[in-house]
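The next block holds one structure in the form of structure tokens; read it before the comments.
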Amino acid sequence: MQKRFMNSTDIKLVKMSRRAILILLIAGQSFAGHTAHSNTGQISPLSNAQILVIRHAEKPDIGEKLSDAGYARANACVKFFSNYKIDYIFANEQSHNSNRPAETVEPLAHALHLKVNKSFKNNEFAELAAYLENGTFAGKTILICWHHGEIPELLNSLGCDANSLLPPKGKWPKTVFGWLVQIKYDAAGIAHATVINEHLMPDDVDQKEQ
């Protein structure tokens, strides 16, 4: 077999190939290192945060405001939430027939010297959940007051399972106003939720009674 000797062009190609392989190897190591750092060093936007979700207080048969019982509950919330060290309060934006979520938390907001964020409409629960992941709320306690019909989807958007929290159908009962869903996020941002009976009014019922 006749031997073929490399000419100057072949030598240049070999050198270029070796250089390309070396660059790819270095780039691969750099990417792997960056990925590992991202997976282990990145802090979750909701790390060690706590989100409290409630329904607005009682309503009258007609009108956009609270009933007398609703105003009584709103005032009772001031003492009830005093031990939670709330940093932010959210209520859905006023609609043409209801401003009850905002009215429910106004006495508490006044007592805590906090402003109620009413930037999100009733059906913008996914947008609210995305906003809470902007990096501002890690380690904070947030209270959210919403309409009961959208609370299950809000809970799902916050990383919970509404079907397991609100059995048997994953819905908030129409006649229940005294539940609090407490969501605690661990250091990795994983949600752990519990339903609590506020026991603020005589007719507040536990889940097992539903």
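Residues in the structure tokens are numbered from 1 in each chain, the chains being A, B, ... in the order shown, and ligands are numbered from 1 in the order shown.
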Among segment 79-170 of chain A, which residues does DSSP mark as alpha helix (DSSP H) when it is run on the backbone? Keep the chain and numbering as in the structure and answer as a PyMOL selection string.
chain A and resi 79-80+100-112+125-131+151-157+162-165
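Between Leu166 of chain A and the residues A:Thr104, A:Asn134, A:Gln207, A:Ser44, the shortest atom-to-atom distance, using only C-alpha atoms, involves A:Gln207.
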Do a neighbour search on segment 184-200 of chain A at 8 Å with only C-alpha atoms, toss out local chain neighbours closer than 6 positions, and write the hits as an mmCIF file with C-alpha atoms, in the first residue's frame.
```cif
data_model
loop_
_atom_site.group_PDB
_atom_site.id
_atom_site.type_symbol
_atom_site.label_atom_id
_atom_site.label_comp_id
_atom_site.auth_asym_id
_atom_site.auth_seq_id
_atom_site.Cartn_x
_atom_site.Cartn_y
_atom_site.Cartn_z
ATOM 1 C CA ILE A 43 -33.098 31.190 45.100
ATOM 2 C CA SER A 44 -36.795 30.567 44.458
ATOM 3 C CA PRO A 45 -38.848 33.786 44.074
ATOM 4 C CA LEU A 46 -41.163 32.607 46.859
ATOM 5 C CA SER A 47 -38.520 31.006 49.073
ATOM 6 C CA ASN A 48 -39.728 30.971 52.713
ATOM 7 C CA ALA A 49 -42.722 33.143 51.822
ATOM 8 C CA GLN A 50 -46.215 32.777 53.247
ATOM 9 C CA ILE A 51 -49.408 33.514 51.309
ATOM 10 C CA ARG A 73 -65.978 40.115 60.033
ATOM 11 C CA ALA A 76 -62.624 41.116 63.442
ATOM 12 C CA CYS A 77 -59.891 40.321 60.890
ATOM 13 C CA PHE A 80 -57.152 37.717 63.892
ATOM 14 C CA LEU A 158 -49.859 29.524 43.425
ATOM 15 C CA GLY A 159 -48.585 25.949 43.249
ATOM 16 C CA CYS A 160 -51.314 24.242 45.284
ATOM 17 C CA LEU A 165 -57.519 21.392 49.566
ATOM 18 C CA GLY A 178 -64.621 31.985 57.408
ATOM 19 C CA ASP A 206 -64.940 23.545 59.628
ATOM 20 C CA GLN A 207 -64.336 21.710 56.365
#
```
Choose the residue, out of A:His110, A:Arg100, A:Lys79, A:Lys169, that has the smallest atom-to-atom separation from Glu58 of chain A; count only C-alpha atoms.
A:Arg100
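Coordinates place atom CA of Asn92 of chain A at a distance of 8.8 Å from atom CA of Phe125 of chain A.
Going from atom CA of Gln182 of chain A to atom CA of Asn99 of chain A covers 23.2 Å.
Among the candidates A:Ile151, A:Ala102, A:Ala162, A:Leu180, the residue lying nearest to Phe90 of chain A is A:Ala102 (atoms considered: only C-alpha atoms).
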